[in-house]
Amino acid sequence: MKIFPYIQYFFYLGLNWNWRIAFHILWHEVKGEQKYGIHTTGSDELKKTAATGVDISHATVYMPASYLLLEQIFTKLPCNDRKHFLDIGCGKGRALCVAAHNGFQKVTGIEFSNEFCANAEENLRHTKKIFPSLDYSVIHKDAVTVDIPGDVDCIFFFNPFDQFMMRRVAKHIQESYKKNPRSIYIVYLNPLYKKELIQIGFKEIYYTKKMKYMEAMILHAPGP
């Protein structure tokens with residue numbers, strides 16, 4: 001187990017949130033990384049990505065979704081078939097791997113950091129050893145340039161970008177839904193811009209909040 005990422009993440013959470021939450025999250029980080037056999041803990045201000053010439057002006061700081069919150073939200077997700085899970089701003093692939101453990105047959109991540117894409121693919125290779133039939137891909141592109149595949153039935157966000165970008169991505173979701181009407185669920189952690197999704201027809205069906213900062217919701221657009 002690599003200790004430094006845990007220490008770094010602990011101090012990041014403690015200094016930016018509070019120490020009680022930092023202890024709570026770190027405990028679940030260690031348990032979660034061991035349970036799923038992946039390496040996704042840490043925080044990153046994307047300075048390395050910016051140094052490569054990529055525009056990060058609309059991006060937020062990299063933080064992985066809490067394992068506790070992820071596992072809870074999957075138990076509340078009414079998506080029965082669980083065909084294709086799409087994580088927009090997938091980081092190192094944590095949500096993709098947890099989705100595979102929760103019945104999704106196909107997972108796709110979109111991420112603009114080349115380094116994070118490599119990390120996500122490494123974690124997914126491990127997950128595929130557990131689920132050999134898993135179909136996965138990680139797309140190294142800006143989210144606004146990627147069309148939403150017509151078979152996606154669950155989309156995941158952990159506040160990956162600002163309101164400007166969310167509006168553009170929401171339009172892509174709306175276009176995908178119009179081309180192929182179907183039941184689509186959106187899992188949205190730290191849902192600052194839920195209004196953009198509600199405006200295109202999604203309705204909130206579940207909400208939870210833990211320890212002030214750990215917030216998640218599920219939204220749904222029914223099929224024809």
# chains A, B, ... in the order shown; residues from 1 in each chain; ligands from 1

$ residues_around --residues "A:Ile186" --least-positions-apart "5" --cutoff "10 Å" --atoms "only C-alpha atoms" --output "PyMOL selection string"
chain A and resi 77+85-87+153-157+197+202-204+217-221

$ select_by_dssp --residues "stretch 2-150 of chain A" --states "strand (DSSP E or B)" --output "tab-separated table (two decimals) with C-alpha atoms, in the first residue's frame"
chain	number	residue	atom	x	y	z
A	44	ASP	CA	-4.61	17.06	-7.89
A	59	ALA	CA	-12.13	22.16	-14.67
A	62	TYR	CA	-9.33	16.19	-8.99
A	84	HIS	CA	-23.59	1.08	-20.08
A	85	PHE	CA	-22.15	3.36	-17.39
A	86	LEU	CA	-20.56	6.62	-18.56
A	87	ASP	CA	-18.34	8.67	-16.24
A	88	ILE	CA	-17.76	12.20	-17.53
A	106	LYS	CA	-19.95	-1.85	-20.09
A	107	VAL	CA	-18.20	1.21	-18.65
A	108	THR	CA	-16.76	4.23	-20.43
A	109	GLY	CA	-14.75	7.08	-18.99
A	110	ILE	CA	-14.12	10.49	-20.53
A	111	GLU	CA	-11.11	12.37	-19.18
A	135	ASP	CA	-16.31	-4.06	-21.80
A	136	TYR	CA	-14.42	-0.90	-20.88
A	137	SER	CA	-12.88	2.11	-22.59
A	138	VAL	CA	-11.30	5.38	-21.52
A	139	ILE	CA	-11.57	8.28	-23.94
A	140	HIS	CA	-8.88	10.96	-23.77

$ closest_residue --among "A:Asn119, A:Thr145, A:Asn80, A:Ser113" --to "A:His172" --atoms "only C-alpha atoms"
A:Thr145

$ closest_residue --among "A:Phe74, A:Phe116, A:Phe158, A:Tyr213" --to "A:Gly93" --atoms "only C-alpha atoms"
A:Phe116

$ residues_around --residues "A:Leu134" --least-positions-apart "3" --cutoff "9 Å" --atoms "only C-alpha atoms" --output "list of chain:residue names"
A:Ala100, A:Phe104, A:Gln105, A:Lys106, A:Val107, A:Thr127, A:Lys128, A:Lys129, A:Ile130, A:Phe131

$ atom_distance --atom1 "atom CA of A:Leu70" --atom2 "atom CA of A:Leu26"
14.5 Å

$ residues_around --residues "A:Asp147" --least-positions-apart "5" --cutoff "10 Å" --atoms "only C-alpha atoms" --output "MDAnalysis selection string"
chainID A and resid 169 171:173 175:176

$ select_by_dssp --residues "stretch 19-189 of chain A" --states "helix (DSSP H, G or I)" --output "PDB file with N, CA and C atoms, in the first residue's frame"
ATOM      1  N   TRP A  19     -10.908  18.373   9.933  1.00  0.00           N
ATOM      2  CA  TRP A  19     -10.132  17.182  10.276  1.00  0.00           C
ATOM      3  C   TRP A  19     -11.015  15.984  10.593  1.00  0.00           C
ATOM      4  N   ARG A  20     -12.195  16.234  11.118  1.00  0.00           N
ATOM      5  CA  ARG A  20     -13.102  15.125  11.415  1.00  0.00           C
ATOM      6  C   ARG A  20     -13.522  14.421  10.127  1.00  0.00           C
ATOM      7  N   ILE A  21     -13.875  15.199   9.123  1.00  0.00           N
ATOM      8  CA  ILE A  21     -14.246  14.623   7.830  1.00  0.00           C
ATOM      9  C   ILE A  21     -13.038  13.929   7.200  1.00  0.00           C
ATOM     10  N   ALA A  22     -11.858  14.522   7.354  1.00  0.00           N
ATOM     11  CA  ALA A  22     -10.641  13.928   6.786  1.00  0.00           C
ATOM     12  C   ALA A  22     -10.388  12.538   7.356  1.00  0.00           C
ATOM     13  N   PHE A  23     -10.528  12.385   8.664  1.00  0.00           N
ATOM     14  CA  PHE A  23     -10.354  11.071   9.295  1.00  0.00           C
ATOM     15  C   PHE A  23     -11.401  10.081   8.779  1.00  0.00           C
ATOM     16  N   HIS A  24     -12.641  10.544   8.694  1.00  0.00           N
ATOM     17  CA  HIS A  24     -13.748   9.683   8.257  1.00  0.00           C
ATOM     18  C   HIS A  24     -13.527   9.186   6.825  1.00  0.00           C
ATOM     19  N   ILE A  25     -13.186  10.097   5.935  1.00  0.00           N
ATOM     20  CA  ILE A  25     -13.000   9.736   4.528  1.00  0.00           C
ATOM     21  C   ILE A  25     -11.773   8.849   4.359  1.00  0.00           C
ATOM     22  N   LEU A  26     -10.691   9.171   5.064  1.00  0.00           N
ATOM     23  CA  LEU A  26      -9.474   8.385   4.904  1.00  0.00           C
ATOM     24  C   LEU A  26      -9.689   6.931   5.321  1.00  0.00           C
ATOM     25  N   TRP A  27     -10.448   6.708   6.360  1.00  0.00           N
ATOM     26  CA  TRP A  27     -10.754   5.347   6.814  1.00  0.00           C
ATOM     27  C   TRP A  27     -11.427   4.556   5.698  1.00  0.00           C
ATOM     28  N   HIS A  28     -12.401   5.176   5.038  1.00  0.00           N
ATOM     29  CA  HIS A  28     -13.104   4.506   3.949  1.00  0.00           C
ATOM     30  C   HIS A  28     -12.241   4.420   2.684  1.00  0.00           C
ATOM     31  N   GLU A  29     -11.297   5.357   2.523  1.00  0.00           N
ATOM     32  CA  GLU A  29     -10.370   5.283   1.398  1.00  0.00           C
ATOM     33  C   GLU A  29      -9.527   4.013   1.487  1.00  0.00           C
ATOM     34  N   VAL A  30      -8.944   3.788   2.636  1.00  0.00           N
ATOM     35  CA  VAL A  30      -8.080   2.620   2.814  1.00  0.00           C
ATOM     36  C   VAL A  30      -8.877   1.332   2.605  1.00  0.00           C
ATOM     37  N   LYS A  31     -10.059   1.258   3.200  1.00  0.00           N
ATOM     38  CA  LYS A  31     -10.903   0.076   3.054  1.00  0.00           C
ATOM     39  C   LYS A  31     -11.316  -0.128   1.599  1.00  0.00           C
ATOM     40  N   GLY A  32     -11.703   0.941   0.933  1.00  0.00           N
ATOM     41  CA  GLY A  32     -12.179   0.850  -0.444  1.00  0.00           C
ATOM     42  C   GLY A  32     -11.101   0.451  -1.423  1.00  0.00           C
ATOM     43  N   GLU A  33      -9.912   1.049  -1.293  1.00  0.00           N
ATOM     44  CA  GLU A  33      -8.817   0.711  -2.198  1.00  0.00           C
ATOM     45  C   GLU A  33      -8.417  -0.753  -2.053  1.00  0.00           C
ATOM     46  N   GLN A  34      -8.446  -1.240  -0.824  1.00  0.00           N
ATOM     47  CA  GLN A  34      -8.118  -2.651  -0.600  1.00  0.00           C
ATOM     48  C   GLN A  34      -9.229  -3.566  -1.119  1.00  0.00           C
ATOM     49  N   LYS A  35     -10.473  -3.174  -0.911  1.00  0.00           N
ATOM     50  CA  LYS A  35     -11.608  -3.982  -1.345  1.00  0.00           C
ATOM     51  C   LYS A  35     -11.634  -4.167  -2.857  1.00  0.00           C
ATOM     52  N   TYR A  36     -11.413  -3.071  -3.605  1.00  0.00           N
ATOM     53  CA  TYR A  36     -11.513  -3.126  -5.065  1.00  0.00           C
ATOM     54  C   TYR A  36     -10.163  -3.361  -5.741  1.00  0.00           C
ATOM     55  N   LYS A  47      -2.105  20.877 -12.326  1.00  0.00           N
ATOM     56  CA  LYS A  47      -1.041  21.741 -12.823  1.00  0.00           C
ATOM     57  C   LYS A  47      -0.221  21.054 -13.912  1.00  0.00           C
ATOM     58  N   LYS A  48      -0.007  19.744 -13.754  1.00  0.00           N
ATOM     59  CA  LYS A  48       0.732  19.006 -14.786  1.00  0.00           C
ATOM     60  C   LYS A  48      -0.027  19.003 -16.097  1.00  0.00           C
ATOM     61  N   THR A  49      -1.344  18.860 -15.998  1.00  0.00           N
ATOM     62  CA  THR A  49      -2.173  18.872 -17.212  1.00  0.00           C
ATOM     63  C   THR A  49      -2.103  20.233 -17.883  1.00  0.00           C
ATOM     64  N   ALA A  50      -2.166  21.291 -17.090  1.00  0.00           N
ATOM     65  CA  ALA A  50      -2.077  22.647 -17.638  1.00  0.00           C
ATOM     66  C   ALA A  50      -0.739  22.876 -18.323  1.00  0.00           C
ATOM     67  N   ALA A  51       0.321  22.287 -17.778  1.00  0.00           N
ATOM     68  CA  ALA A  51       1.665  22.458 -18.328  1.00  0.00           C
ATOM     69  C   ALA A  51       1.801  21.852 -19.720  1.00  0.00           C
ATOM     70  N   TYR A  67     -15.854   6.412  -1.341  1.00  0.00           N
ATOM     71  CA  TYR A  67     -16.317   5.027  -1.478  1.00  0.00           C
ATOM     72  C   TYR A  67     -17.645   4.823  -0.752  1.00  0.00           C
ATOM     73  N   LEU A  68     -17.765   5.412   0.421  1.00  0.00           N
ATOM     74  CA  LEU A  68     -19.000   5.279   1.196  1.00  0.00           C
ATOM     75  C   LEU A  68     -20.192   5.802   0.425  1.00  0.00           C
ATOM     76  N   LEU A  69     -20.025   6.972  -0.192  1.00  0.00           N
ATOM     77  CA  LEU A  69     -21.107   7.578  -0.952  1.00  0.00           C
ATOM     78  C   LEU A  69     -21.397   6.800  -2.235  1.00  0.00           C
ATOM     79  N   LEU A  70     -20.349   6.361  -2.910  1.00  0.00           N
ATOM     80  CA  LEU A  70     -20.519   5.583  -4.135  1.00  0.00           C
ATOM     81  C   LEU A  70     -21.309   4.303  -3.881  1.00  0.00           C
ATOM     82  N   GLU A  71     -20.912   3.572  -2.869  1.00  0.00           N
ATOM     83  CA  GLU A  71     -21.575   2.298  -2.593  1.00  0.00           C
ATOM     84  C   GLU A  71     -23.025   2.507  -2.182  1.00  0.00           C
ATOM     85  N   GLN A  72     -23.288   3.580  -1.458  1.00  0.00           N
ATOM     86  CA  GLN A  72     -24.669   3.874  -1.077  1.00  0.00           C
ATOM     87  C   GLN A  72     -25.515   4.213  -2.297  1.00  0.00           C
ATOM     88  N   ILE A  73     -24.969   5.032  -3.183  1.00  0.00           N
ATOM     89  CA  ILE A  73     -25.757   5.497  -4.334  1.00  0.00           C
ATOM     90  C   ILE A  73     -26.068   4.336  -5.273  1.00  0.00           C
ATOM     91  N   PHE A  74     -25.170   3.364  -5.388  1.00  0.00           N
ATOM     92  CA  PHE A  74     -25.445   2.214  -6.248  1.00  0.00           C
ATOM     93  C   PHE A  74     -26.553   1.330  -5.679  1.00  0.00           C
ATOM     94  N   THR A  75     -26.687   1.305  -4.361  1.00  0.00           N
ATOM     95  CA  THR A  75     -27.795   0.526  -3.781  1.00  0.00           C
ATOM     96  C   THR A  75     -29.134   1.208  -4.016  1.00  0.00           C
ATOM     97  N   LYS A  76     -29.111   2.511  -4.271  1.00  0.00           N
ATOM     98  CA  LYS A  76     -30.348   3.272  -4.488  1.00  0.00           C
ATOM     99  C   LYS A  76     -30.675   3.451  -5.973  1.00  0.00           C
ATOM    100  N   ARG A  94     -12.175   5.398 -10.531  1.00  0.00           N
ATOM    101  CA  ARG A  94     -12.792   4.766  -9.357  1.00  0.00           C
ATOM    102  C   ARG A  94     -14.253   4.417  -9.604  1.00  0.00           C
ATOM    103  N   ALA A  95     -15.055   5.382 -10.036  1.00  0.00           N
ATOM    104  CA  ALA A  95     -16.487   5.130 -10.225  1.00  0.00           C
ATOM    105  C   ALA A  95     -16.723   4.054 -11.285  1.00  0.00           C
ATOM    106  N   LEU A  96     -15.876   4.005 -12.306  1.00  0.00           N
ATOM    107  CA  LEU A  96     -16.007   2.984 -13.353  1.00  0.00           C
ATOM    108  C   LEU A  96     -15.807   1.585 -12.769  1.00  0.00           C
ATOM    109  N   CYS A  97     -14.803   1.442 -11.920  1.00  0.00           N
ATOM    110  CA  CYS A  97     -14.521   0.134 -11.316  1.00  0.00           C
ATOM    111  C   CYS A  97     -15.627  -0.282 -10.352  1.00  0.00           C
ATOM    112  N   VAL A  98     -16.107   0.659  -9.561  1.00  0.00           N
ATOM    113  CA  VAL A  98     -17.193   0.351  -8.626  1.00  0.00           C
ATOM    114  C   VAL A  98     -18.470   0.017  -9.400  1.00  0.00           C
ATOM    115  N   ALA A  99     -18.697   0.697 -10.525  1.00  0.00           N
ATOM    116  CA  ALA A  99     -19.867   0.396 -11.366  1.00  0.00           C
ATOM    117  C   ALA A  99     -19.803  -1.038 -11.879  1.00  0.00           C
ATOM    118  N   ALA A 100     -18.623  -1.485 -12.281  1.00  0.00           N
ATOM    119  CA  ALA A 100     -18.459  -2.870 -12.750  1.00  0.00           C
ATOM    120  C   ALA A 100     -18.783  -3.863 -11.639  1.00  0.00           C
ATOM    121  N   HIS A 101     -18.400  -3.523 -10.427  1.00  0.00           N
ATOM    122  CA  HIS A 101     -18.701  -4.384  -9.282  1.00  0.00           C
ATOM    123  C   HIS A 101     -20.188  -4.362  -8.934  1.00  0.00           C
ATOM    124  N   ASN A 114      -4.266  13.134 -19.736  1.00  0.00           N
ATOM    125  CA  ASN A 114      -3.664  11.916 -20.279  1.00  0.00           C
ATOM    126  C   ASN A 114      -3.141  11.013 -19.166  1.00  0.00           C
ATOM    127  N   GLU A 115      -2.579  11.615 -18.129  1.00  0.00           N
ATOM    128  CA  GLU A 115      -2.050  10.840 -16.999  1.00  0.00           C
ATOM    129  C   GLU A 115      -3.181  10.091 -16.281  1.00  0.00           C
ATOM    130  N   PHE A 116      -4.297  10.772 -16.059  1.00  0.00           N
ATOM    131  CA  PHE A 116      -5.430  10.127 -15.394  1.00  0.00           C
ATOM    132  C   PHE A 116      -6.012   9.010 -16.256  1.00  0.00           C
ATOM    133  N   CYS A 117      -6.027   9.210 -17.559  1.00  0.00           N
ATOM    134  CA  CYS A 117      -6.517   8.159 -18.466  1.00  0.00           C
ATOM    135  C   CYS A 117      -5.685   6.884 -18.293  1.00  0.00           C
ATOM    136  N   ALA A 118      -4.378   7.054 -18.215  1.00  0.00           N
ATOM    137  CA  ALA A 118      -3.494   5.897 -18.031  1.00  0.00           C
ATOM    138  C   ALA A 118      -3.769   5.218 -16.693  1.00  0.00           C
ATOM    139  N   ASN A 119      -3.983   6.020 -15.657  1.00  0.00           N
ATOM    140  CA  ASN A 119      -4.309   5.462 -14.339  1.00  0.00           C
ATOM    141  C   ASN A 119      -5.628   4.699 -14.383  1.00  0.00           C
ATOM    142  N   ALA A 120      -6.631   5.280 -15.049  1.00  0.00           N
ATOM    143  CA  ALA A 120      -7.950   4.642 -15.136  1.00  0.00           C
ATOM    144  C   ALA A 120      -7.869   3.314 -15.872  1.00  0.00           C
ATOM    145  N   GLU A 121      -7.116   3.282 -16.970  1.00  0.00           N
ATOM    146  CA  GLU A 121      -6.981   2.039 -17.730  1.00  0.00           C
ATOM    147  C   GLU A 121      -6.279   0.953 -16.918  1.00  0.00           C
ATOM    148  N   GLU A 122      -5.298   1.344 -16.131  1.00  0.00           N
ATOM    149  CA  GLU A 122      -4.600   0.373 -15.284  1.00  0.00           C
ATOM    150  C   GLU A 122      -5.560  -0.214 -14.243  1.00  0.00           C
ATOM    151  N   ASN A 123      -6.362   0.645 -13.629  1.00  0.00           N
ATOM    152  CA  ASN A 123      -7.331   0.176 -12.629  1.00  0.00           C
ATOM    153  C   ASN A 123      -8.408  -0.696 -13.262  1.00  0.00           C
ATOM    154  N   LEU A 124      -8.818  -0.352 -14.460  1.00  0.00           N
ATOM    155  CA  LEU A 124      -9.844  -1.138 -15.150  1.00  0.00           C
ATOM    156  C   LEU A 124      -9.307  -2.493 -15.613  1.00  0.00           C
ATOM    157  N   ARG A 125      -8.036  -2.545 -15.947  1.00  0.00           N
ATOM    158  CA  ARG A 125      -7.436  -3.841 -16.308  1.00  0.00           C
ATOM    159  C   ARG A 125      -7.512  -4.803 -15.126  1.00  0.00           C
ATOM    160  N   HIS A 126      -7.275  -4.272 -13.948  1.00  0.00           N
ATOM    161  CA  HIS A 126      -7.392  -5.111 -12.752  1.00  0.00           C
ATOM    162  C   HIS A 126      -8.837  -5.560 -12.553  1.00  0.00           C
ATOM    163  N   THR A 127      -9.771  -4.640 -12.736  1.00  0.00           N
ATOM    164  CA  THR A 127     -11.191  -4.963 -12.543  1.00  0.00           C
ATOM    165  C   THR A 127     -11.658  -6.001 -13.555  1.00  0.00           C
ATOM    166  N   LYS A 128     -11.126  -5.930 -14.767  1.00  0.00           N
ATOM    167  CA  LYS A 128     -11.507  -6.897 -15.797  1.00  0.00           C
ATOM    168  C   LYS A 128     -11.042  -8.307 -15.447  1.00  0.00           C
ATOM    169  N   LYS A 129      -9.984  -8.431 -14.675  1.00  0.00           N
ATOM    170  CA  LYS A 129      -9.545  -9.755 -14.229  1.00  0.00           C
ATOM    171  C   LYS A 129     -10.610 -10.400 -13.338  1.00  0.00           C
ATOM    172  N   ILE A 130     -11.356  -9.552 -12.627  1.00  0.00           N
ATOM    173  CA  ILE A 130     -12.427 -10.043 -11.759  1.00  0.00           C
ATOM    174  C   ILE A 130     -13.694 -10.299 -12.564  1.00  0.00           C
ATOM    175  N   ALA A 143     -14.772  16.662 -22.552  1.00  0.00           N
ATOM    176  CA  ALA A 143     -16.137  16.129 -22.486  1.00  0.00           C
ATOM    177  C   ALA A 143     -17.078  16.766 -23.495  1.00  0.00           C
ATOM    178  N   VAL A 144     -16.882  18.046 -23.800  1.00  0.00           N
ATOM    179  CA  VAL A 144     -17.827  18.726 -24.696  1.00  0.00           C
ATOM    180  C   VAL A 144     -17.660  18.321 -26.151  1.00  0.00           C
ATOM    181  N   THR A 145     -16.601  17.578 -26.464  1.00  0.00           N
ATOM    182  CA  THR A 145     -16.377  17.158 -27.852  1.00  0.00           C
ATOM    183  C   THR A 145     -16.853  15.728 -28.102  1.00  0.00           C
ATOM    184  N   GLN A 163     -20.265  25.596 -14.540  1.00  0.00           N
ATOM    185  CA  GLN A 163     -21.614  25.676 -15.096  1.00  0.00           C
ATOM    186  C   GLN A 163     -21.605  25.805 -16.615  1.00  0.00           C
ATOM    187  N   PHE A 164     -20.657  26.543 -17.154  1.00  0.00           N
ATOM    188  CA  PHE A 164     -20.557  26.723 -18.603  1.00  0.00           C
ATOM    189  C   PHE A 164     -20.416  25.370 -19.304  1.00  0.00           C
ATOM    190  N   MET A 165     -19.532  24.545 -18.786  1.00  0.00           N
ATOM    191  CA  MET A 165     -19.315  23.230 -19.376  1.00  0.00           C
ATOM    192  C   MET A 165     -20.512  22.313 -19.150  1.00  0.00           C
ATOM    193  N   MET A 166     -21.125  22.407 -17.985  1.00  0.00           N
ATOM    194  CA  MET A 166     -22.271  21.558 -17.699  1.00  0.00           C
ATOM    195  C   MET A 166     -23.424  21.836 -18.671  1.00  0.00           C
ATOM    196  N   ARG A 167     -23.621  23.080 -19.017  1.00  0.00           N
ATOM    197  CA  ARG A 167     -24.671  23.422 -19.985  1.00  0.00           C
ATOM    198  C   ARG A 167     -24.408  22.758 -21.335  1.00  0.00           C
ATOM    199  N   ARG A 168     -23.159  22.765 -21.755  1.00  0.00           N
ATOM    200  CA  ARG A 168     -22.817  22.170 -23.050  1.00  0.00           C
ATOM    201  C   ARG A 168     -22.959  20.653 -23.018  1.00  0.00           C
ATOM    202  N   VAL A 169     -22.521  20.044 -21.924  1.00  0.00           N
ATOM    203  CA  VAL A 169     -22.644  18.592 -21.802  1.00  0.00           C
ATOM    204  C   VAL A 169     -24.105  18.194 -21.691  1.00  0.00           C
ATOM    205  N   ALA A 170     -24.906  18.995 -20.987  1.00  0.00           N
ATOM    206  CA  ALA A 170     -26.345  18.722 -20.865  1.00  0.00           C
ATOM    207  C   ALA A 170     -27.008  18.693 -22.238  1.00  0.00           C
ATOM    208  N   LYS A 171     -26.557  19.549 -23.142  1.00  0.00           N
ATOM    209  CA  LYS A 171     -27.108  19.548 -24.507  1.00  0.00           C
ATOM    210  C   LYS A 171     -26.768  18.247 -25.232  1.00  0.00           C
ATOM    211  N   HIS A 172     -25.564  17.741 -25.020  1.00  0.00           N
ATOM    212  CA  HIS A 172     -25.181  16.457 -25.623  1.00  0.00           C
ATOM    213  C   HIS A 172     -26.060  15.321 -25.093  1.00  0.00           C
ATOM    214  N   ILE A 173     -26.342  15.369 -23.800  1.00  0.00           N
ATOM    215  CA  ILE A 173     -27.210  14.348 -23.199  1.00  0.00           C
ATOM    216  C   ILE A 173     -28.606  14.436 -23.798  1.00  0.00           C
ATOM    217  N   GLN A 174     -29.104  15.643 -23.938  1.00  0.00           N
ATOM    218  CA  GLN A 174     -30.436  15.860 -24.509  1.00  0.00           C
ATOM    219  C   GLN A 174     -30.509  15.360 -25.950  1.00  0.00           C
ATOM    220  N   GLU A 175     -29.465  15.636 -26.722  1.00  0.00           N
ATOM    221  CA  GLU A 175     -29.421  15.189 -28.116  1.00  0.00           C
ATOM    222  C   GLU A 175     -29.396  13.664 -28.200  1.00  0.00           C
ATOM    223  N   SER A 176     -28.623  13.022 -27.325  1.00  0.00           N
ATOM    224  CA  SER A 176     -28.553  11.557 -27.305  1.00  0.00           C
ATOM    225  C   SER A 176     -29.911  10.968 -26.962  1.00  0.00           C
ATOM    226  N   TYR A 177     -30.596  11.572 -26.019  1.00  0.00           N
ATOM    227  CA  TYR A 177     -31.916  11.092 -25.594  1.00  0.00           C
ATOM    228  C   TYR A 177     -32.937  11.227 -26.734  1.00  0.00           C
ATOM    229  N   LYS A 178     -32.865  12.337 -27.474  1.00  0.00           N
ATOM    230  CA  LYS A 178     -33.808  12.554 -28.581  1.00  0.00           C
ATOM    231  C   LYS A 178     -33.565  11.560 -29.715  1.00  0.00           C
ATOM    232  N   LYS A 179     -32.298  11.269 -29.988  1.00  0.00           N
ATOM    233  CA  LYS A 179     -31.969  10.323 -31.054  1.00  0.00           C
ATOM    234  C   LYS A 179     -32.382   8.901 -30.691  1.00  0.00           C
TER     235      LYS A 179
END

$ atom_distance --atom1 "atom CA of A:Lys92" --atom2 "atom CA of A:His39"
7.9 Å

$ residues_around --residues "A:Pro64" --least-positions-apart "4" --cutoff "8 Å" --atoms "only C-alpha atoms" --output "list in words"
Thr40, Thr41, Gly42, Ser43, Gly91, Lys92 and Arg94 of chain A

$ write_last_selection --atoms "N, CA and C atoms" --output "mmCIF file, in the first residue's frame"
data_model
loop_
_atom_site.group_PDB
_atom_site.id
_atom_site.type_symbol
_atom_site.label_atom_id
_atom_site.label_comp_id
_atom_site.auth_asym_id
_atom_site.auth_seq_id
_atom_site.Cartn_x
_atom_site.Cartn_y
_atom_site.Cartn_z
ATOM 1 N N THR A 40 -6.603 4.915 -6.514
ATOM 2 C CA THR A 40 -7.247 6.136 -7.004
ATOM 3 C C THR A 40 -7.229 7.268 -5.978
ATOM 4 N N THR A 41 -6.711 7.025 -4.792
ATOM 5 C CA THR A 41 -6.713 8.040 -3.739
ATOM 6 C C THR A 41 -5.779 9.192 -4.088
ATOM 7 N N GLY A 42 -6.189 10.410 -3.709
ATOM 8 C CA GLY A 42 -5.334 11.569 -3.911
ATOM 9 C C GLY A 42 -6.115 12.783 -4.351
ATOM 10 N N SER A 43 -5.437 13.891 -4.441
ATOM 11 C CA SER A 43 -6.020 15.130 -4.967
ATOM 12 C C SER A 43 -5.008 15.740 -5.930
ATOM 13 N N GLY A 91 -11.409 10.801 -14.055
ATOM 14 C CA GLY A 91 -10.224 10.772 -13.213
ATOM 15 C C GLY A 91 -9.465 9.466 -13.349
ATOM 16 N N LYS A 92 -9.183 8.818 -12.244
ATOM 17 C CA LYS A 92 -8.406 7.586 -12.242
ATOM 18 C C LYS A 92 -9.279 6.333 -12.327
ATOM 19 N N ARG A 94 -12.175 5.398 -10.531
ATOM 20 C CA ARG A 94 -12.792 4.766 -9.357
ATOM 21 C C ARG A 94 -14.253 4.417 -9.604
#

$ atom_distance --atom1 "atom CA of A:Ile7" --atom2 "atom CA of A:Gly89"
23.9 Å

$ closest_residue --among "A:Lys210, A:Pro160, A:Lys141, A:Ile3" --to "A:Pro191" --atoms "only C-alpha atoms"
A:Pro160

$ closest_residue --among "A:Asp142, A:Ala65, A:Asp162, A:Gly201" --to "A:Tyr188" --atoms "only C-alpha atoms"
A:Ala65

$ closest_residue --among "A:Cys79, A:Ala216, A:Cys90, A:Ile200" --to "A:Asn102" --atoms "only C-alpha atoms"
A:Cys79

$ residues_around --residues "A:Asn180" --least-positions-apart "6" --cutoff "10 Å" --atoms "only C-alpha atoms" --output "count of residues only"
7
